[in-house]
$ cat data33.pdb   # PDB, C-alpha atoms
ATOM      1  CA  MET A 235       6.345  13.481  -0.546
ATOM      2  CA  SER A 236       9.628  14.150   1.085
ATOM      3  CA  LYS A 237      11.864  16.601  -0.703
ATOM      4  CA  GLY A 238      14.744  14.089  -0.685
ATOM      5  CA  ILE A 239      12.917  11.555  -2.839
ATOM      6  CA  LEU A 240      11.944  14.160  -5.403
ATOM      7  CA  GLU A 241      15.557  15.270  -5.661
ATOM      8  CA  GLY A 242      16.852  11.725  -5.982
ATOM      9  CA  GLU A 243      18.323  11.587  -2.488
ATOM     10  CA  GLU A 244      16.558   8.366  -1.565
ATOM     11  CA  LYS A 245      17.271   6.763   1.765
ATOM     12  CA  LYS A 246      17.699   3.093   0.951
ATOM     13  CA  PHE A 247      16.718   0.378   3.388
ATOM     14  CA  LYS A 248      15.881  -3.181   2.393
ATOM     15  CA  ALA A 249      12.110  -3.511   2.504
ATOM     16  CA  PRO A 250      10.867  -6.247   4.815
ATOM     17  CA  GLU A 251       8.517  -8.933   3.533
ATOM     18  CA  PHE A 252       4.803  -8.101   3.700
ATOM     19  CA  ASN A 253       3.721 -11.298   5.535
ATOM     20  CA  VAL A 254       0.068 -10.719   4.619
ATOM     21  CA  LYS A 255      -1.863 -13.996   4.418
ATOM     22  CA  ASP A 256      -5.130 -12.925   2.787
ATOM     23  CA  TRP A 257      -5.069 -11.341  -0.679
ATOM     24  CA  ILE A 258      -7.512 -10.699  -3.487
ATOM     25  CA  ASP A 259      -6.563  -9.851  -7.054
ATOM     26  CA  ALA A 260      -7.670  -6.842  -9.098
ATOM     27  CA  ASN A 261     -11.047  -8.529  -9.691
ATOM     28  CA  GLY A 262     -11.724  -9.438  -6.061
ATOM     29  CA  ASN A 263     -10.782 -13.125  -6.373
ATOM     30  CA  LYS A 264      -8.847 -14.784  -3.543
ATOM     31  CA  ILE A 265      -5.187 -15.368  -4.471
ATOM     32  CA  ASP A 266      -2.064 -16.795  -2.861
ATOM     33  CA  GLN A 267       0.204 -14.736  -0.659
ATOM     34  CA  ILE A 268       1.945 -11.842  -2.427
ATOM     35  CA  LYS A 269       5.654 -11.423  -1.768
ATOM     36  CA  LEU A 270       8.106  -8.671  -2.618
ATOM     37  CA  ALA A 271       9.961 -11.041  -4.939
ATOM     38  CA  ASP A 272       6.794 -11.313  -7.050
ATOM     39  CA  TYR A 273       7.436  -7.730  -8.167
ATOM     40  CA  THR A 274      11.230  -7.420  -8.250
ATOM     41  CA  GLY A 275      12.106  -5.035 -11.062
ATOM     42  CA  LYS A 276       8.931  -3.016 -10.489
ATOM     43  CA  PHE A 277       8.413   0.024  -8.302
ATOM     44  CA  LYS A 278       5.871  -0.827  -5.590
ATOM     45  CA  VAL A 279       3.366   1.573  -4.028
ATOM     46  CA  LEU A 280       1.740   0.062  -0.950
ATOM     47  CA  TYR A 281      -1.248   1.833   0.568
ATOM     48  CA  CYS A 282      -2.239   0.945   4.143
ATOM     49  CA  PHE A 283      -5.769   1.620   5.383
ATOM     50  CA  GLN A 284      -8.537   0.521   7.716
ATOM     51  CA  SER A 285     -12.128   0.352   6.491
ATOM     52  CA  TRP A 286     -13.349   2.483   9.402
ATOM     53  CA  CYS A 287     -10.669   5.184   9.061
ATOM     54  CA  PRO A 288     -12.194   8.553   8.060
ATOM     55  CA  GLY A 289      -8.855   9.885   6.722
ATOM     56  CA  CYS A 290      -8.439   6.772   4.599
ATOM     57  CA  HIS A 291     -11.739   7.500   2.865
ATOM     58  CA  SER A 292     -11.483  11.291   2.664
ATOM     59  CA  VAL A 293      -7.821  11.562   1.615
ATOM     60  CA  GLY A 294      -5.921   8.272   1.286
ATOM     61  CA  LEU A 295      -8.159   6.246  -1.028
ATOM     62  CA  PRO A 296      -8.936   9.202  -3.338
ATOM     63  CA  SER A 297      -5.160   9.860  -3.538
ATOM     64  CA  LEU A 298      -4.564   6.209  -4.380
ATOM     65  CA  GLN A 299      -7.299   6.332  -7.047
ATOM     66  CA  LYS A 300      -5.697   9.417  -8.584
ATOM     67  CA  MET A 301      -2.250   7.775  -8.699
ATOM     68  CA  VAL A 302      -3.559   4.484 -10.105
ATOM     69  CA  SER A 303      -5.502   6.347 -12.788
ATOM     70  CA  ALA A 304      -2.629   8.665 -13.728
ATOM     71  CA  LEU A 305      -0.086   5.824 -13.945
ATOM     72  CA  ASP A 306      -2.345   3.118 -15.361
ATOM     73  CA  ASN A 307      -0.186   2.633 -18.471
ATOM     74  CA  ASN A 308       3.139   2.300 -16.613
ATOM     75  CA  ASP A 309       3.857  -1.416 -16.324
ATOM     76  CA  LYS A 310       6.962  -0.698 -14.202
ATOM     77  CA  ILE A 311       4.799   0.304 -11.222
ATOM     78  CA  ILE A 312       2.574  -1.979  -9.148
ATOM     79  CA  PHE A 313      -0.009  -0.680  -6.712
ATOM     80  CA  LEU A 314      -1.101  -2.726  -3.699
ATOM     81  CA  ALA A 315      -3.479  -1.903  -0.845
ATOM     82  CA  VAL A 316      -3.466  -3.579   2.566
ATOM     83  CA  GLN A 317      -5.973  -3.209   5.355
ATOM     84  CA  THR A 318      -3.538  -2.997   8.273
ATOM     85  CA  VAL A 319      -5.719  -3.841  11.257
ATOM     86  CA  PHE A 320      -4.413  -2.661  14.615
ATOM     87  CA  GLU A 321      -7.732  -1.954  16.328
ATOM     88  CA  GLY A 322     -11.392  -2.588  15.639
ATOM     89  CA  TYR A 323     -10.883  -6.184  14.577
ATOM     90  CA  ASP A 324     -14.649  -6.778  14.464
ATOM     91  CA  ALA A 325     -15.155  -3.800  12.124
ATOM     92  CA  ASN A 326     -12.026  -3.988   9.929
ATOM     93  CA  THR A 327     -12.744  -7.425   8.503
ATOM     94  CA  TYR A 328     -11.772  -9.307   5.367
ATOM     95  CA  ASP A 329     -15.249  -8.599   3.948
ATOM     96  CA  LYS A 330     -14.817  -4.852   4.590
ATOM     97  CA  MET A 331     -11.508  -4.972   2.710
ATOM     98  CA  VAL A 332     -13.290  -6.568  -0.284
ATOM     99  CA  GLU A 333     -16.049  -3.969  -0.009
ATOM    100  CA  THR A 334     -13.473  -1.136  -0.022
ATOM    101  CA  GLN A 335     -11.857  -2.434  -3.220
ATOM    102  CA  LYS A 336     -15.274  -2.495  -4.926
ATOM    103  CA  LYS A 337     -16.411   0.875  -3.551
ATOM    104  CA  TYR A 338     -13.400   2.671  -5.011
ATOM    105  CA  ASN A 339     -13.273   0.526  -8.166
ATOM    106  CA  LEU A 340      -9.559  -0.053  -7.607
ATOM    107  CA  LYS A 341      -8.392  -2.808  -9.945
ATOM    108  CA  ILE A 342      -5.315  -3.616  -7.859
ATOM    109  CA  PRO A 343      -4.507  -6.408  -5.372
ATOM    110  CA  PHE A 344      -5.822  -5.856  -1.845
ATOM    111  CA  GLY A 345      -4.654  -7.617   1.306
ATOM    112  CA  HIS A 346      -6.164  -8.065   4.747
ATOM    113  CA  ASP A 347      -3.594  -8.072   7.550
ATOM    114  CA  ALA A 348      -4.825  -8.538  11.120
ATOM    115  CA  GLY A 349      -1.609 -10.188  12.302
ATOM    116  CA  ASP A 350      -0.700 -13.851  12.330
ATOM    117  CA  ASP A 351      -3.651 -14.860  14.497
ATOM    118  CA  GLY A 352      -6.228 -12.489  12.973
ATOM    119  CA  LYS A 353      -6.498 -10.354  16.086
ATOM    120  CA  SER A 354      -3.062  -8.929  16.788
ATOM    121  CA  ARG A 355      -1.121  -6.032  15.296
ATOM    122  CA  SER A 356      -0.763  -6.036  11.499
ATOM    123  CA  ASN A 357       2.468  -7.612  10.212
ATOM    124  CA  VAL A 358       2.935  -4.751   7.729
ATOM    125  CA  MET A 359       2.631  -2.242  10.568
ATOM    126  CA  VAL A 360       5.214  -4.104  12.633
ATOM    127  CA  ASN A 361       7.597  -4.812   9.730
ATOM    128  CA  TYR A 362       7.431  -1.294   8.276
ATOM    129  CA  LYS A 363       7.036   0.540  11.600
ATOM    130  CA  THR A 364       3.981   2.422  10.387
ATOM    131  CA  ARG A 365       2.125   4.542  12.880
ATOM    132  CA  GLY A 366      -1.453   4.241  11.702
ATOM    133  CA  THR A 367      -3.578   4.849   8.641
ATOM    134  CA  PRO A 368      -3.695   6.116   5.979
ATOM    135  CA  TRP A 369      -0.055   5.299   5.241
ATOM    136  CA  PHE A 370       1.848   5.190   1.943
ATOM    137  CA  ILE A 371       4.952   3.057   1.382
ATOM    138  CA  PHE A 372       7.162   3.288  -1.729
ATOM    139  CA  ILE A 373       9.568   0.447  -2.524
ATOM    140  CA  ASN A 374      11.948   0.796  -5.462
ATOM    141  CA  LYS A 375      12.777  -1.784  -8.145
ATOM    142  CA  GLN A 376      15.603  -3.217  -6.002
ATOM    143  CA  ASN A 377      13.186  -3.736  -3.058
ATOM    144  CA  ASN A 378      14.586  -0.840  -1.045
ATOM    145  CA  LEU A 379      12.187   1.176   1.072
ATOM    146  CA  VAL A 380      12.364   4.768  -0.138
ATOM    147  CA  TYR A 381       9.289   6.415   1.411
ATOM    148  CA  ALA A 382       6.879   5.696   4.270
ATOM    149  CA  ASP A 383       4.575   8.282   5.812
ATOM    150  CA  PHE A 384       1.034   9.533   6.513
ATOM    151  CA  HIS A 385       1.530  12.643   4.437
ATOM    152  CA  LEU A 386       1.683  12.426   0.677
ATOM    153  CA  ASN A 387       1.496  15.198  -1.871
ATOM    154  CA  VAL A 388      -0.316  13.156  -4.505
ATOM    155  CA  ASP A 389       0.582  15.464  -7.404
ATOM    156  CA  ALA A 390       4.290  15.372  -6.477
ATOM    157  CA  ALA A 391       4.040  11.586  -6.091
ATOM    158  CA  ILE A 392       2.527  11.249  -9.575
ATOM    159  CA  GLU A 393       5.258  13.460 -11.018
ATOM    160  CA  PHE A 394       7.935  11.361  -9.278
ATOM    161  CA  LEU A 395       6.375   8.030 -10.285
ATOM    162  CA  SER A 396       5.799   9.100 -13.891
ATOM    163  CA  GLN A 397       9.581   9.265 -14.309
ATOM    164  CA  ILE A 398       9.937   5.535 -13.563
ATOM    165  CA  LYS A 399      10.611   3.639 -16.776
TER
END
$ encode --input "data33.pdb" --output "structure tokens"
Amino acid sequence: MSKGILEGEEKKFKAPEFNVKDWIDANGNKIDQIKLADYTGKFKVLYCFQSWCPGCHSVGLPSLQKMVSALDNNDKIIFLAVQTVFEGYDANTYDKMVETQKKYNLKIPFGHDAGDDGKSRSNVMVNYKTRGTPWFIFINKQNNLVYADFHLNVDAAIEFLSQIK
């Protein structure tokens, strides 16, 4: 986590819309498109991954699991995961996204984002200017982007998020 966020010196930029077409709920059932407005008033943690990304499996998803578990009782925080496909379209499929949710037993919404046509750069990657995976995005209750990066100190993130009431 960046030192600025932990000290309350958040850089505030309006978060762009996700524009992810394919979502499943916490139980793996297909749901309608999720929008930022669906969670106004909640702090949003968005985790971006690809199913074939070694760092996503060795660091990112275990970090997400740890945060979700530690903050399970905080109804002011919503966790979302999106497979942001920017390469390997044949390997990073909708089915692999569903499989990843089950493998890690993450009872949170998951999205599959392979661009508008299913084979171009992920909308989340374009809208949030991410540079790959794994990638964490924090959006505050007012829908301002306050953190976006590869690197996340999960214990510092949990400490920061646990203060959200």
$ closest_residue --input "data33.pdb" --among "A:Thr367, A:Thr274, A:Asn308, A:Gln397" --to "His385 (chain A)" --atoms "all atoms listed in the file"
A:Thr367
$ residues_around --input "data33.pdb" --residues "Tyr273 (chain A)" --least-positions-apart "4" --cutoff "12 Å" --atoms "all atoms listed in the file" --output "PyMOL selection string"
chain A and resi 251+268-269+277-279+309-314+373-377
$ write_last_selection --input "data33.pdb" --atoms "C-alpha atoms" --output "compact mmCIF listing (two decimals), keeping the file's coordinate frame"
# COMPACT_ATOMS: atom_id res chain seq x y z
CA GLU A 251 8.52 -8.93 3.53
CA ILE A 268 1.94 -11.84 -2.43
CA LYS A 269 5.65 -11.42 -1.77
CA PHE A 277 8.41 0.02 -8.30
CA LYS A 278 5.87 -0.83 -5.59
CA VAL A 279 3.37 1.57 -4.03
CA ASP A 309 3.86 -1.42 -16.32
CA LYS A 310 6.96 -0.70 -14.20
CA ILE A 311 4.80 0.30 -11.22
CA ILE A 312 2.57 -1.98 -9.15
CA PHE A 313 -0.01 -0.68 -6.71
CA LEU A 314 -1.10 -2.73 -3.70
CA ILE A 373 9.57 0.45 -2.52
CA ASN A 374 11.95 0.80 -5.46
CA LYS A 375 12.78 -1.78 -8.14
CA GLN A 376 15.60 -3.22 -6.00
CA ASN A 377 13.19 -3.74 -3.06
$ resolve_selection --input "data33.pdb" --expression "the PyMOL selection byres ((chain A and resi 381) around 7)" --output "list in words"
Ile371, Phe372, Leu379, Val380, Ala382 and Asp383 of chain A
$ atom_distance --input "data33.pdb" --atom1 "CA of Asp259 (chain A)" --atom2 "CA of Lys341 (chain A)"
7.8 Å
$ closest_residue --input "data33.pdb" --among "A:Phe320, A:Phe384, A:Phe370, A:Phe247" --to "Lys353 (chain A)" --atoms "only C-alpha atoms"
A:Phe320
$ residues_around --input "data33.pdb" --residues "Tyr323 (chain A)" --least-positions-apart "6" --cutoff "12 Å" --atoms "all atoms listed in the file" --output "VMD selection string"
chain A and resid 284 to 286 317 329 to 331 346 to 349 351 to 356
$ closest_residue --input "data33.pdb" --among "A:Tyr362, A:Ile342, A:Asp272, A:Lys248" --to "Asp306 (chain A)" --atoms "all atoms listed in the file"
A:Ile342
$ closest_residue --input "data33.pdb" --among "A:Pro343, A:Ala390, A:Leu395, A:Thr364" --to "Gly262 (chain A)" --atoms "only C-alpha atoms"
A:Pro343
$ closest_residue --input "data33.pdb" --among "A:Pro288, A:Ser303, A:Phe344, A:Ser396" --to "Asp266 (chain A)" --atoms "only C-alpha atoms"
A:Phe344
$ axis_aligned_box --input "data33.pdb" --around "region 247-258 of chain A" --padding-each-side "6 Å" --output "AutoDock Vina command-line options"
--center_x 4.6 --center_y -6.8 --center_z 1.0 --size_x 36.2 --size_y 26.4 --size_z 21.0
$ closest_atom_pairs --input "data33.pdb" --of "region 252-276 of chain A" --to "region 333-338 of chain A" --cutoff "12 Å" --atoms "all atoms listed in the file" --output "CSV"
residue,atom,partner,partner_atom,distance
A:Trp257,CA,A:Gln335,CA,11.5
A:Ile258,CA,A:Gln335,CA,9.3
A:Asp259,CA,A:Gln335,CA,9.9
A:Ala260,CA,A:Gln335,CA,8.5
A:Asn261,CA,A:Lys336,CA,8.8
A:Gly262,CA,A:Gln335,CA,7.6
A:Asn263,CA,A:Gln335,CA,11.2
$ closest_residue --input "data33.pdb" --among "A:Ile398, A:Val388, A:Ala315, A:Cys287" --to "Gly366 (chain A)" --atoms "all atoms listed in the file"
A:Cys287
$ resolve_selection --input "data33.pdb" --expression "the PyMOL selection byres ((chain A and resi 297) around 10)" --output "ChimeraX atom specification"
/A:281,290-296,298-303,386-389,391-392
$ atom_distance --input "data33.pdb" --atom1 "CA of Pro368 (chain A)" --atom2 "CA of Thr318 (chain A)"
9.4 Å
$ build_atoms --input "data33.pdb" --residues "region 304-319 of chain A" --atoms "N, CA and C atoms" --output "PDB file, in the frame of the given file"
ATOM      1  N   ALA A 304      -3.649   7.903 -13.010  1.00  0.00           N
ATOM      2  CA  ALA A 304      -2.629   8.665 -13.728  1.00  0.00           C
ATOM      3  C   ALA A 304      -1.506   7.784 -14.265  1.00  0.00           C
ATOM      4  N   LEU A 305      -1.231   6.670 -13.582  1.00  0.00           N
ATOM      5  CA  LEU A 305      -0.086   5.824 -13.945  1.00  0.00           C
ATOM      6  C   LEU A 305      -0.509   4.464 -14.480  1.00  0.00           C
ATOM      7  N   ASP A 306      -1.753   4.374 -14.898  1.00  0.00           N
ATOM      8  CA  ASP A 306      -2.345   3.118 -15.361  1.00  0.00           C
ATOM      9  C   ASP A 306      -1.542   2.441 -16.471  1.00  0.00           C
ATOM     10  N   ASN A 307      -0.912   3.207 -17.327  1.00  0.00           N
ATOM     11  CA  ASN A 307      -0.186   2.633 -18.471  1.00  0.00           C
ATOM     12  C   ASN A 307       1.274   2.317 -18.184  1.00  0.00           C
ATOM     13  N   ASN A 308       1.744   2.561 -16.953  1.00  0.00           N
ATOM     14  CA  ASN A 308       3.139   2.300 -16.613  1.00  0.00           C
ATOM     15  C   ASN A 308       3.258   0.906 -16.003  1.00  0.00           C
ATOM     16  N   ASP A 309       3.752  -0.029 -16.794  1.00  0.00           N
ATOM     17  CA  ASP A 309       3.857  -1.416 -16.324  1.00  0.00           C
ATOM     18  C   ASP A 309       5.070  -1.647 -15.420  1.00  0.00           C
ATOM     19  N   LYS A 310       5.812  -0.594 -15.117  1.00  0.00           N
ATOM     20  CA  LYS A 310       6.962  -0.698 -14.202  1.00  0.00           C
ATOM     21  C   LYS A 310       6.575  -0.380 -12.766  1.00  0.00           C
ATOM     22  N   ILE A 311       5.295  -0.032 -12.555  1.00  0.00           N
ATOM     23  CA  ILE A 311       4.799   0.304 -11.222  1.00  0.00           C
ATOM     24  C   ILE A 311       3.644  -0.623 -10.874  1.00  0.00           C
ATOM     25  N   ILE A 312       3.671  -1.156  -9.654  1.00  0.00           N
ATOM     26  CA  ILE A 312       2.574  -1.979  -9.148  1.00  0.00           C
ATOM     27  C   ILE A 312       1.993  -1.292  -7.921  1.00  0.00           C
ATOM     28  N   PHE A 313       0.690  -1.237  -7.867  1.00  0.00           N
ATOM     29  CA  PHE A 313      -0.009  -0.680  -6.712  1.00  0.00           C
ATOM     30  C   PHE A 313      -0.636  -1.818  -5.927  1.00  0.00           C
ATOM     31  N   LEU A 314      -0.517  -1.752  -4.610  1.00  0.00           N
ATOM     32  CA  LEU A 314      -1.101  -2.726  -3.699  1.00  0.00           C
ATOM     33  C   LEU A 314      -1.760  -1.964  -2.551  1.00  0.00           C
ATOM     34  N   ALA A 315      -2.845  -2.498  -2.020  1.00  0.00           N
ATOM     35  CA  ALA A 315      -3.479  -1.903  -0.845  1.00  0.00           C
ATOM     36  C   ALA A 315      -3.615  -2.990   0.210  1.00  0.00           C
ATOM     37  N   VAL A 316      -3.354  -2.621   1.465  1.00  0.00           N
ATOM     38  CA  VAL A 316      -3.466  -3.579   2.566  1.00  0.00           C
ATOM     39  C   VAL A 316      -4.236  -2.944   3.705  1.00  0.00           C
ATOM     40  N   GLN A 317      -5.266  -3.637   4.149  1.00  0.00           N
ATOM     41  CA  GLN A 317      -5.973  -3.209   5.355  1.00  0.00           C
ATOM     42  C   GLN A 317      -5.130  -3.665   6.545  1.00  0.00           C
ATOM     43  N   THR A 318      -4.451  -2.713   7.158  1.00  0.00           N
ATOM     44  CA  THR A 318      -3.538  -2.997   8.273  1.00  0.00           C
ATOM     45  C   THR A 318      -4.308  -2.816   9.584  1.00  0.00           C
ATOM     46  N   VAL A 319      -4.853  -3.896  10.079  1.00  0.00           N
ATOM     47  CA  VAL A 319      -5.719  -3.841  11.257  1.00  0.00           C
ATOM     48  C   VAL A 319      -4.870  -3.809  12.525  1.00  0.00           C
TER      49      VAL A 319
END
